[in-house]
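Structure data follow from data39.txt (compact mmCIF, N, CA and C atoms and all ligand atoms):
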```txt
# COMPACT_ATOMS: atom_id res chain seq x y z
N MET A 1 58.89 -13.26 -39.68
CA MET A 1 58.66 -11.85 -40.03
C MET A 1 59.86 -11.01 -39.60
N ALA A 2 60.28 -10.10 -40.50
CA ALA A 2 61.43 -9.26 -40.18
C ALA A 2 61.08 -8.30 -39.05
N GLY A 3 62.04 -8.08 -38.13
CA GLY A 3 61.82 -7.15 -37.03
C GLY A 3 62.07 -5.72 -37.49
N ASN A 4 61.74 -4.77 -36.61
CA ASN A 4 61.89 -3.38 -37.04
C ASN A 4 62.98 -2.63 -36.30
N ILE A 5 63.83 -3.36 -35.55
CA ILE A 5 64.97 -2.66 -34.96
C ILE A 5 66.28 -3.37 -35.27
N THR A 6 67.35 -2.56 -35.27
CA THR A 6 68.69 -3.12 -35.33
C THR A 6 69.55 -2.33 -34.36
N PHE A 7 70.72 -2.89 -34.06
CA PHE A 7 71.64 -2.22 -33.14
C PHE A 7 72.92 -1.88 -33.89
N THR A 8 73.45 -0.68 -33.63
CA THR A 8 74.70 -0.28 -34.28
C THR A 8 75.67 0.34 -33.29
N MET A 9 76.95 0.27 -33.63
CA MET A 9 77.97 1.05 -32.92
C MET A 9 78.81 1.74 -33.98
N ILE A 10 79.21 2.99 -33.71
CA ILE A 10 80.26 3.63 -34.50
C ILE A 10 81.55 3.29 -33.75
N LYS A 11 82.45 2.60 -34.42
CA LYS A 11 83.63 2.03 -33.76
C LYS A 11 84.70 3.09 -33.47
N PRO A 12 85.62 2.80 -32.53
CA PRO A 12 86.57 3.82 -32.05
C PRO A 12 87.34 4.57 -33.15
N LYS A 13 87.80 3.88 -34.17
CA LYS A 13 88.62 4.56 -35.17
C LYS A 13 87.80 5.57 -35.98
N ALA A 14 86.55 5.23 -36.27
CA ALA A 14 85.69 6.15 -37.02
C ALA A 14 85.34 7.36 -36.15
N VAL A 15 85.19 7.14 -34.85
CA VAL A 15 84.97 8.26 -33.92
C VAL A 15 86.21 9.15 -33.92
N GLU A 16 87.38 8.51 -33.75
CA GLU A 16 88.66 9.25 -33.70
C GLU A 16 88.88 10.06 -34.99
N ASN A 17 88.48 9.49 -36.10
CA ASN A 17 88.68 10.16 -37.39
C ASN A 17 87.63 11.22 -37.71
N GLY A 18 86.72 11.45 -36.77
CA GLY A 18 85.76 12.56 -36.92
C GLY A 18 84.56 12.25 -37.80
N HIS A 19 84.18 10.94 -37.88
CA HIS A 19 83.11 10.56 -38.80
C HIS A 19 81.73 10.40 -38.16
N ILE A 20 81.60 10.72 -36.86
CA ILE A 20 80.29 10.50 -36.21
C ILE A 20 79.17 11.22 -36.98
N GLY A 21 79.35 12.48 -37.26
CA GLY A 21 78.30 13.28 -37.89
C GLY A 21 77.92 12.75 -39.27
N ASN A 22 78.93 12.44 -40.07
CA ASN A 22 78.66 11.94 -41.43
C ASN A 22 77.96 10.58 -41.40
N ILE A 23 78.38 9.74 -40.47
CA ILE A 23 77.76 8.41 -40.39
C ILE A 23 76.30 8.53 -39.94
N LEU A 24 76.05 9.37 -38.93
CA LEU A 24 74.65 9.55 -38.48
C LEU A 24 73.79 10.15 -39.59
N ALA A 25 74.38 11.03 -40.39
CA ALA A 25 73.62 11.61 -41.51
C ALA A 25 73.22 10.51 -42.50
N LYS A 26 74.14 9.58 -42.80
CA LYS A 26 73.82 8.48 -43.71
C LYS A 26 72.71 7.59 -43.13
N VAL A 27 72.79 7.37 -41.83
CA VAL A 27 71.79 6.52 -41.15
C VAL A 27 70.39 7.16 -41.27
N ILE A 28 70.32 8.45 -41.03
CA ILE A 28 69.03 9.14 -41.06
C ILE A 28 68.53 9.25 -42.51
N GLU A 29 69.43 9.59 -43.42
CA GLU A 29 69.05 9.64 -44.86
C GLU A 29 68.57 8.26 -45.32
N GLY A 30 69.11 7.20 -44.71
CA GLY A 30 68.73 5.84 -45.07
C GLY A 30 67.35 5.45 -44.55
N GLY A 31 66.71 6.35 -43.82
CA GLY A 31 65.34 6.10 -43.38
C GLY A 31 65.23 5.50 -41.99
N PHE A 32 66.34 5.49 -41.24
CA PHE A 32 66.32 4.91 -39.89
C PHE A 32 66.01 6.00 -38.86
N LYS A 33 65.20 5.63 -37.87
CA LYS A 33 64.88 6.53 -36.76
C LYS A 33 65.73 6.10 -35.57
N ILE A 34 66.28 7.07 -34.86
CA ILE A 34 67.10 6.74 -33.69
C ILE A 34 66.20 6.56 -32.47
N LYS A 35 66.18 5.33 -31.95
CA LYS A 35 65.32 5.01 -30.80
C LYS A 35 66.07 5.19 -29.48
N ALA A 36 67.41 5.06 -29.54
CA ALA A 36 68.24 5.17 -28.34
C ALA A 36 69.65 5.46 -28.81
N MET A 37 70.40 6.20 -27.98
CA MET A 37 71.78 6.50 -28.39
C MET A 37 72.62 6.87 -27.18
N LYS A 38 73.89 6.41 -27.15
CA LYS A 38 74.82 6.88 -26.12
C LYS A 38 76.26 6.86 -26.61
N TYR A 39 77.07 7.70 -25.96
CA TYR A 39 78.50 7.85 -26.27
C TYR A 39 79.25 7.32 -25.06
N LEU A 40 80.02 6.29 -25.22
CA LEU A 40 80.67 5.65 -24.07
C LEU A 40 81.92 4.89 -24.51
N ARG A 41 82.73 4.52 -23.53
CA ARG A 41 83.88 3.67 -23.82
C ARG A 41 83.69 2.33 -23.11
N LEU A 42 83.78 1.25 -23.88
CA LEU A 42 83.66 -0.10 -23.31
C LEU A 42 84.94 -0.47 -22.57
N THR A 43 84.83 -1.22 -21.48
CA THR A 43 86.02 -1.84 -20.89
C THR A 43 86.37 -3.06 -21.75
N LYS A 44 87.57 -3.58 -21.56
CA LYS A 44 87.98 -4.80 -22.27
C LYS A 44 86.99 -5.94 -21.96
N GLU A 45 86.59 -6.05 -20.69
CA GLU A 45 85.68 -7.12 -20.27
C GLU A 45 84.31 -6.97 -20.95
N GLN A 46 83.82 -5.75 -21.05
CA GLN A 46 82.53 -5.53 -21.72
C GLN A 46 82.63 -5.85 -23.21
N ALA A 47 83.74 -5.48 -23.83
CA ALA A 47 83.93 -5.80 -25.25
C ALA A 47 84.00 -7.31 -25.45
N MET A 48 84.66 -8.02 -24.52
CA MET A 48 84.74 -9.48 -24.59
C MET A 48 83.37 -10.11 -24.46
N GLU A 49 82.54 -9.55 -23.59
CA GLU A 49 81.19 -10.08 -23.41
C GLU A 49 80.35 -9.82 -24.66
N PHE A 50 80.44 -8.62 -25.18
CA PHE A 50 79.65 -8.27 -26.38
C PHE A 50 80.01 -9.18 -27.54
N TYR A 51 81.30 -9.44 -27.73
CA TYR A 51 81.78 -10.23 -28.88
C TYR A 51 82.02 -11.70 -28.52
N ALA A 52 81.41 -12.19 -27.44
CA ALA A 52 81.64 -13.57 -26.98
C ALA A 52 81.40 -14.61 -28.08
N VAL A 53 80.48 -14.32 -29.00
CA VAL A 53 80.22 -15.28 -30.09
C VAL A 53 81.46 -15.50 -30.95
N HIS A 54 82.39 -14.56 -30.90
CA HIS A 54 83.61 -14.66 -31.72
C HIS A 54 84.82 -15.17 -30.93
N LYS A 55 84.60 -15.70 -29.71
CA LYS A 55 85.75 -15.97 -28.86
C LYS A 55 86.72 -17.03 -29.40
N GLU A 56 86.23 -17.89 -30.30
CA GLU A 56 87.12 -18.90 -30.88
C GLU A 56 87.88 -18.36 -32.09
N ARG A 57 87.53 -17.18 -32.55
CA ARG A 57 88.15 -16.68 -33.77
C ARG A 57 89.51 -16.04 -33.46
N PRO A 58 90.47 -16.15 -34.41
CA PRO A 58 91.84 -15.72 -34.13
C PRO A 58 91.96 -14.22 -33.82
N PHE A 59 90.98 -13.43 -34.26
CA PHE A 59 91.10 -11.99 -34.07
C PHE A 59 90.36 -11.49 -32.82
N TYR A 60 89.84 -12.42 -31.99
CA TYR A 60 89.02 -12.02 -30.83
C TYR A 60 89.75 -11.06 -29.88
N ASP A 61 91.01 -11.39 -29.55
CA ASP A 61 91.75 -10.56 -28.60
C ASP A 61 92.02 -9.17 -29.18
N GLU A 62 92.46 -9.17 -30.43
CA GLU A 62 92.76 -7.90 -31.11
C GLU A 62 91.49 -7.05 -31.26
N LEU A 63 90.39 -7.71 -31.63
CA LEU A 63 89.12 -7.00 -31.84
C LEU A 63 88.62 -6.37 -30.53
N THR A 64 88.71 -7.13 -29.43
CA THR A 64 88.19 -6.60 -28.16
C THR A 64 89.13 -5.54 -27.58
N ASP A 65 90.43 -5.63 -27.87
CA ASP A 65 91.36 -4.53 -27.51
C ASP A 65 90.94 -3.27 -28.27
N PHE A 66 90.72 -3.44 -29.58
CA PHE A 66 90.34 -2.30 -30.42
C PHE A 66 89.02 -1.68 -29.96
N MET A 67 88.02 -2.52 -29.70
CA MET A 67 86.69 -1.98 -29.36
C MET A 67 86.67 -1.31 -27.99
N SER A 68 87.70 -1.56 -27.18
CA SER A 68 87.78 -0.89 -25.87
C SER A 68 88.86 0.20 -25.87
N SER A 69 89.36 0.55 -27.04
CA SER A 69 90.49 1.50 -27.13
C SER A 69 90.07 2.97 -27.08
N GLY A 70 88.80 3.25 -27.23
CA GLY A 70 88.34 4.64 -27.23
C GLY A 70 86.83 4.67 -27.26
N PRO A 71 86.24 5.87 -27.19
CA PRO A 71 84.78 5.96 -27.16
C PRO A 71 84.11 5.49 -28.44
N ILE A 72 82.90 5.03 -28.26
CA ILE A 72 82.04 4.59 -29.37
C ILE A 72 80.69 5.29 -29.25
N VAL A 73 79.92 5.26 -30.33
CA VAL A 73 78.52 5.66 -30.27
C VAL A 73 77.70 4.38 -30.43
N ALA A 74 76.82 4.11 -29.49
CA ALA A 74 75.94 2.94 -29.57
C ALA A 74 74.52 3.43 -29.81
N ALA A 75 73.77 2.74 -30.65
CA ALA A 75 72.40 3.20 -30.94
C ALA A 75 71.49 2.06 -31.34
N ILE A 76 70.21 2.24 -31.04
CA ILE A 76 69.17 1.35 -31.56
C ILE A 76 68.47 2.11 -32.68
N LEU A 77 68.34 1.47 -33.82
CA LEU A 77 67.74 2.10 -35.00
C LEU A 77 66.45 1.38 -35.37
N GLU A 78 65.47 2.16 -35.81
CA GLU A 78 64.17 1.60 -36.16
C GLU A 78 63.82 1.88 -37.62
N LYS A 79 63.35 0.84 -38.28
CA LYS A 79 62.90 0.94 -39.68
C LYS A 79 62.28 -0.42 -40.00
N GLU A 80 61.37 -0.46 -40.92
CA GLU A 80 60.87 -1.75 -41.39
C GLU A 80 62.05 -2.55 -41.96
N ASN A 81 62.13 -3.84 -41.67
CA ASN A 81 63.21 -4.68 -42.21
C ASN A 81 64.60 -4.16 -41.81
N ALA A 82 64.71 -3.68 -40.55
CA ALA A 82 65.89 -2.93 -40.10
C ALA A 82 67.22 -3.67 -40.25
N VAL A 83 67.25 -4.94 -39.84
CA VAL A 83 68.53 -5.67 -39.84
C VAL A 83 69.10 -5.76 -41.25
N GLU A 84 68.27 -6.23 -42.17
CA GLU A 84 68.73 -6.44 -43.55
C GLU A 84 69.06 -5.10 -44.24
N ASP A 85 68.18 -4.13 -44.05
CA ASP A 85 68.40 -2.83 -44.71
C ASP A 85 69.64 -2.13 -44.17
N TYR A 86 69.90 -2.29 -42.87
CA TYR A 86 71.09 -1.64 -42.31
C TYR A 86 72.36 -2.34 -42.80
N ARG A 87 72.32 -3.67 -42.91
CA ARG A 87 73.50 -4.39 -43.44
C ARG A 87 73.79 -3.92 -44.87
N LYS A 88 72.74 -3.62 -45.62
CA LYS A 88 72.95 -3.10 -46.99
C LYS A 88 73.58 -1.71 -46.94
N LEU A 89 73.10 -0.88 -46.04
CA LEU A 89 73.61 0.49 -45.94
C LEU A 89 75.07 0.52 -45.49
N ILE A 90 75.48 -0.42 -44.64
CA ILE A 90 76.87 -0.38 -44.13
C ILE A 90 77.84 -1.09 -45.08
N GLY A 91 77.39 -2.09 -45.81
CA GLY A 91 78.27 -2.78 -46.75
C GLY A 91 79.01 -3.96 -46.13
N ALA A 92 79.84 -4.62 -46.93
CA ALA A 92 80.53 -5.85 -46.52
C ALA A 92 81.47 -5.61 -45.34
N THR A 93 81.70 -6.69 -44.55
CA THR A 93 82.59 -6.63 -43.38
C THR A 93 83.94 -6.04 -43.76
N ASN A 94 84.51 -6.52 -44.86
CA ASN A 94 85.80 -6.01 -45.33
C ASN A 94 85.55 -4.79 -46.24
N PRO A 95 85.98 -3.61 -45.80
CA PRO A 95 85.67 -2.41 -46.59
C PRO A 95 86.20 -2.47 -48.02
N ALA A 96 87.22 -3.27 -48.23
CA ALA A 96 87.76 -3.42 -49.59
C ALA A 96 86.73 -4.06 -50.52
N GLU A 97 85.79 -4.82 -49.92
CA GLU A 97 84.74 -5.49 -50.70
C GLU A 97 83.39 -4.78 -50.60
N ALA A 98 83.34 -3.70 -49.85
CA ALA A 98 82.05 -3.00 -49.65
C ALA A 98 81.67 -2.19 -50.89
N ALA A 99 80.37 -2.17 -51.18
CA ALA A 99 79.87 -1.46 -52.36
C ALA A 99 80.08 0.05 -52.22
N GLU A 100 80.22 0.70 -53.35
CA GLU A 100 80.35 2.17 -53.39
C GLU A 100 79.19 2.82 -52.65
N GLY A 101 79.50 3.86 -51.90
CA GLY A 101 78.46 4.63 -51.22
C GLY A 101 78.04 4.07 -49.87
N THR A 102 78.51 2.85 -49.53
CA THR A 102 78.15 2.28 -48.23
C THR A 102 79.01 2.93 -47.14
N ILE A 103 78.52 2.84 -45.91
CA ILE A 103 79.22 3.49 -44.78
C ILE A 103 80.62 2.92 -44.62
N ARG A 104 80.76 1.61 -44.75
CA ARG A 104 82.10 1.02 -44.59
C ARG A 104 83.02 1.42 -45.73
N LYS A 105 82.51 1.50 -46.93
CA LYS A 105 83.33 1.93 -48.06
C LYS A 105 83.83 3.36 -47.83
N LEU A 106 82.94 4.21 -47.30
CA LEU A 106 83.28 5.63 -47.13
C LEU A 106 84.17 5.89 -45.92
N TYR A 107 83.92 5.17 -44.80
CA TYR A 107 84.53 5.59 -43.55
C TYR A 107 85.39 4.54 -42.83
N ALA A 108 85.52 3.33 -43.38
CA ALA A 108 86.32 2.31 -42.71
C ALA A 108 87.79 2.42 -43.09
N THR A 109 88.64 1.91 -42.20
CA THR A 109 90.08 1.92 -42.44
C THR A 109 90.54 0.54 -42.90
N ASP A 110 90.06 -0.51 -42.26
CA ASP A 110 90.43 -1.89 -42.59
C ASP A 110 89.37 -2.85 -42.06
N ILE A 111 89.60 -4.15 -42.21
CA ILE A 111 88.55 -5.13 -41.86
C ILE A 111 88.17 -5.06 -40.37
N GLN A 112 89.13 -4.76 -39.51
CA GLN A 112 88.80 -4.66 -38.09
C GLN A 112 88.16 -3.30 -37.77
N ALA A 113 88.83 -2.25 -38.18
CA ALA A 113 88.30 -0.89 -37.94
C ALA A 113 87.35 -0.54 -39.08
N ASN A 114 86.26 -1.31 -39.16
CA ASN A 114 85.36 -1.18 -40.31
C ASN A 114 84.17 -0.24 -40.04
N ALA A 115 84.48 0.81 -39.30
CA ALA A 115 83.60 1.98 -39.07
C ALA A 115 82.39 1.72 -38.19
N VAL A 116 81.61 0.68 -38.50
CA VAL A 116 80.38 0.46 -37.75
C VAL A 116 80.09 -1.03 -37.53
N HIS A 117 79.31 -1.28 -36.49
CA HIS A 117 78.73 -2.60 -36.26
C HIS A 117 77.27 -2.55 -36.69
N GLY A 118 76.76 -3.65 -37.19
CA GLY A 118 75.33 -3.78 -37.45
C GLY A 118 74.90 -5.20 -37.11
N SER A 119 73.79 -5.34 -36.37
CA SER A 119 73.32 -6.68 -35.97
C SER A 119 73.12 -7.56 -37.20
N ASP A 120 73.33 -8.89 -37.02
CA ASP A 120 73.19 -9.80 -38.15
C ASP A 120 71.89 -10.60 -38.13
N SER A 121 71.05 -10.39 -37.10
CA SER A 121 69.75 -11.08 -37.06
C SER A 121 68.83 -10.31 -36.11
N ASP A 122 67.53 -10.57 -36.23
CA ASP A 122 66.57 -9.92 -35.33
C ASP A 122 66.85 -10.32 -33.88
N GLU A 123 67.21 -11.58 -33.68
CA GLU A 123 67.48 -12.07 -32.33
C GLU A 123 68.68 -11.32 -31.73
N ASN A 124 69.75 -11.19 -32.52
CA ASN A 124 70.93 -10.47 -32.02
C ASN A 124 70.66 -8.98 -31.85
N ALA A 125 69.80 -8.42 -32.68
CA ALA A 125 69.44 -7.00 -32.52
C ALA A 125 68.83 -6.78 -31.12
N GLN A 126 67.99 -7.71 -30.68
CA GLN A 126 67.38 -7.60 -29.34
C GLN A 126 68.43 -7.77 -28.25
N ILE A 127 69.26 -8.81 -28.40
CA ILE A 127 70.28 -9.11 -27.39
C ILE A 127 71.24 -7.92 -27.25
N GLU A 128 71.70 -7.42 -28.39
CA GLU A 128 72.69 -6.33 -28.39
C GLU A 128 72.08 -5.02 -27.87
N SER A 129 70.83 -4.76 -28.22
CA SER A 129 70.15 -3.55 -27.70
C SER A 129 70.01 -3.64 -26.19
N ASN A 130 69.67 -4.82 -25.69
CA ASN A 130 69.50 -5.01 -24.25
C ASN A 130 70.82 -4.92 -23.50
N PHE A 131 71.91 -5.22 -24.18
CA PHE A 131 73.24 -5.13 -23.58
C PHE A 131 73.55 -3.67 -23.21
N PHE A 132 73.09 -2.73 -24.03
CA PHE A 132 73.45 -1.32 -23.86
C PHE A 132 72.36 -0.44 -23.25
N PHE A 133 71.10 -0.79 -23.47
CA PHE A 133 70.03 0.16 -23.15
C PHE A 133 68.93 -0.46 -22.28
N SER A 134 68.47 0.34 -21.30
CA SER A 134 67.30 -0.05 -20.50
C SER A 134 66.04 0.45 -21.22
N LYS A 135 64.89 0.04 -20.74
CA LYS A 135 63.61 0.50 -21.31
C LYS A 135 63.47 2.01 -21.24
N LEU A 136 63.97 2.59 -20.16
CA LEU A 136 63.85 4.04 -19.95
C LEU A 136 64.68 4.85 -20.92
N GLU A 137 65.63 4.20 -21.59
CA GLU A 137 66.53 4.91 -22.51
C GLU A 137 66.10 4.79 -23.97
N ARG A 138 64.89 4.26 -24.19
CA ARG A 138 64.40 4.05 -25.57
C ARG A 138 63.21 4.95 -25.83
N PHE A 139 63.16 5.52 -27.02
CA PHE A 139 62.07 6.47 -27.35
C PHE A 139 61.38 6.13 -28.65
P1 LIG B 201 80.15 -8.13 -39.28
O1 LIG B 201 78.88 -8.84 -38.88
O2 LIG B 201 80.11 -7.61 -40.70
O3 LIG B 201 80.55 -7.05 -38.29
O4 LIG B 201 81.32 -9.21 -39.30
P2 LIG B 201 81.66 -10.43 -38.31
O5 LIG B 201 80.52 -10.73 -37.39
O6 LIG B 201 82.19 -11.53 -39.16
O7 LIG B 201 82.89 -9.89 -37.46
C1 LIG B 201 82.72 -9.03 -36.36
C2 LIG B 201 83.77 -7.96 -36.38
O8 LIG B 201 85.06 -8.57 -36.24
C3 LIG B 201 83.89 -7.22 -37.73
O9 LIG B 201 82.96 -6.16 -37.86
C4 LIG B 201 85.32 -6.71 -37.68
O10 LIG B 201 85.45 -5.54 -36.84
C5 LIG B 201 86.04 -7.86 -36.98
N1 LIG B 201 86.64 -8.80 -37.95
C6 LIG B 201 86.00 -9.62 -38.85
N2 LIG B 201 86.89 -10.34 -39.57
C7 LIG B 201 88.13 -9.95 -39.11
C8 LIG B 201 89.46 -10.35 -39.43
O11 LIG B 201 89.70 -11.21 -40.31
N3 LIG B 201 90.47 -9.74 -38.74
C9 LIG B 201 90.23 -8.79 -37.76
N4 LIG B 201 91.29 -8.25 -37.13
N5 LIG B 201 88.99 -8.42 -37.43
C10 LIG B 201 87.96 -8.98 -38.08
```
Using C-alpha cells, write down the structure from this file.
Ligand code: GDP
Amino acid sequence: MAGNITFTMIKPKAVENGHIGNILAKVIEGGFKIKAMKYLRLTKEQAMEFYAVHKERPFYDELTDFMSSGPIVAAILEKENAVEDYRKLIGATNPAEAAEGTIRKLYATDIQANAVHGSDSDENAQIESNFFFSKLERF
C-alpha cells in the first residue's frame, strides 16, 4: 500500500536563485500538506550521511559539496500516494528531460542543481524524514 508522506528539500541553488516561494506554491497547489519544515544548512558530513546510498557514484563528492554549500528548505509532505505523486510533480532527475510545468523543468539549473529532492520510496521517505525531524516537529 502506498504511504502518505514524502520528504523533500529545496536545494541550495534554487534557494540562492530566490525560488523558495514559487516552489512551495507548486507543492501546495499540487495538493500536498506541509507536515514539517525547516530552513538550515547541512555540514559536509551530514550531506555525506544523507546521500550515503550514492557513495559509490562518481558524483558523490561533488553532490555532497553542493548540498552543503548553502541553506536548504527541508520538509515532510503529506498526500495520498505522496512519493509517486511528488516524483511526478518534480519531474525527471535531469531537468533537460523533465516534463513541462514540473518543478525541475521550471526551477532547476542542471542535473546536480536540480532544484528539489523527492524521496524515491515509502521506506526512504520515512528514513529521510527521521533524519531531519523529531516527532515534536511534525504537525
Ligand atoms: P533523484 O532521485 O531524481 O534525486 O535522482 P538520484 O537519486 O539518481 O540522484 C540523487 C541526486 O544526485 C540528484 O537529485 C542530483 O542532484 C544528483 N545527480 C544525479 N545524477 C547526477 C550526475 O550525473 N551528476 C551530478 N553531478 N549529479 C547527479
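Pocket residues of ligand LIG 201 (chain B), taken as those with any atom at most 5 Å away using all atoms listed in the file, are Phe59, Thr93, Ile111, Gln112, Ala113 and Asn114 of chain A.
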Closest of A:Ala2, A:Met48, A:Leu63, A:Leu77 to Lys33 in chain A - atom-to-atom distances counting only N, CA and C atoms
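Ranked by minimum distance to Lys33 in chain A, first place goes to A:Leu77.
With CA of Ser129 in chain A on one side and atom C of Phe7 in chain A on the other, the separation reads 7.0 Å.
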Of A:Glu137, A:Asp61, A:Asp110, A:Glu100, the one sitting nearest Lys38 in chain A when using only C-alpha atoms is A:Glu137
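Taking only N, CA and C atoms into account, Tyr39 in chain A lies nearest to A:Ala74 out of the set A:Ile5, A:Val15, A:Ala52, A:Ala74.
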Among A:Asn124, A:Ala99, A:Pro58, A:Ala75, Ile34 in chain A is approached most closely, using only N, CA and C atoms, by A:Ala75
Residues of range 11-105 of chain A that have any atom at most 6.5 Å from an atom of range 115-119 of chain A: could you tabulate them with the shortest-distance atom pair and the distance in Å to one decimal, using only N, CA and C atoms, ordered by chain and increasing number, as CSV?
```
residue,atom,partner,partner_atom,distance
A:Lys11,N,A:Ala115,C,3.9
A:Lys13,C,A:Ala115,CA,6.3
A:Ala14,CA,A:Ala115,CA,5.1
A:Val83,CA,A:Ser119,C,5.6
A:Tyr86,C,A:Gly118,CA,6.3
A:Arg87,N,A:Gly118,CA,6.2
A:Ile103,C,A:Ala115,CA,6.4
A:Arg104,CA,A:Ala115,CA,5.8
```
| request: Compile the contact shell of Lys79 in chain A as a ChimeraX atom specification: residues with an atom at most 7 Å away, counting all atoms listed in the file, same-chain residues fewer than 5 positions apart removed. | output: /A:3-6,31-33
As a ChimeraX atom specification, which residues of range 1-138 of chain A does DSSP assign to helix (DSSP H, G or I)?
/A:12-16,20-29,44-50,52-54,60-67,82-90,95-97,103-107,122-132,135-137
* To do: Would you work out the distance separating atom N of Thr109 in chain A from atom N of Ala96 in chain A, expressed in Å to one decimal?
  =>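 Value for the atom N of Thr109 in chain A-atom N of Ala96 in chain A distance: 8.1 Å.
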Computed gap from atom N of Tyr107 in chain A to CA of His19 in chain A is 8.1 Å
| Which is closest to Met67 in chain A among A:Lys35, A:Lys26, A:Lys44, A:Lys105, if we use only N, CA and C atoms? |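 Closest candidate: A:Lys44.
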_My list of candidates is A:Phe139, A:Phe132, A:Phe66, A:Phe50. Which is closest to Pro12 in chain A when distances are computed with all atoms listed in the file?_
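Closest candidate: A:Phe66.
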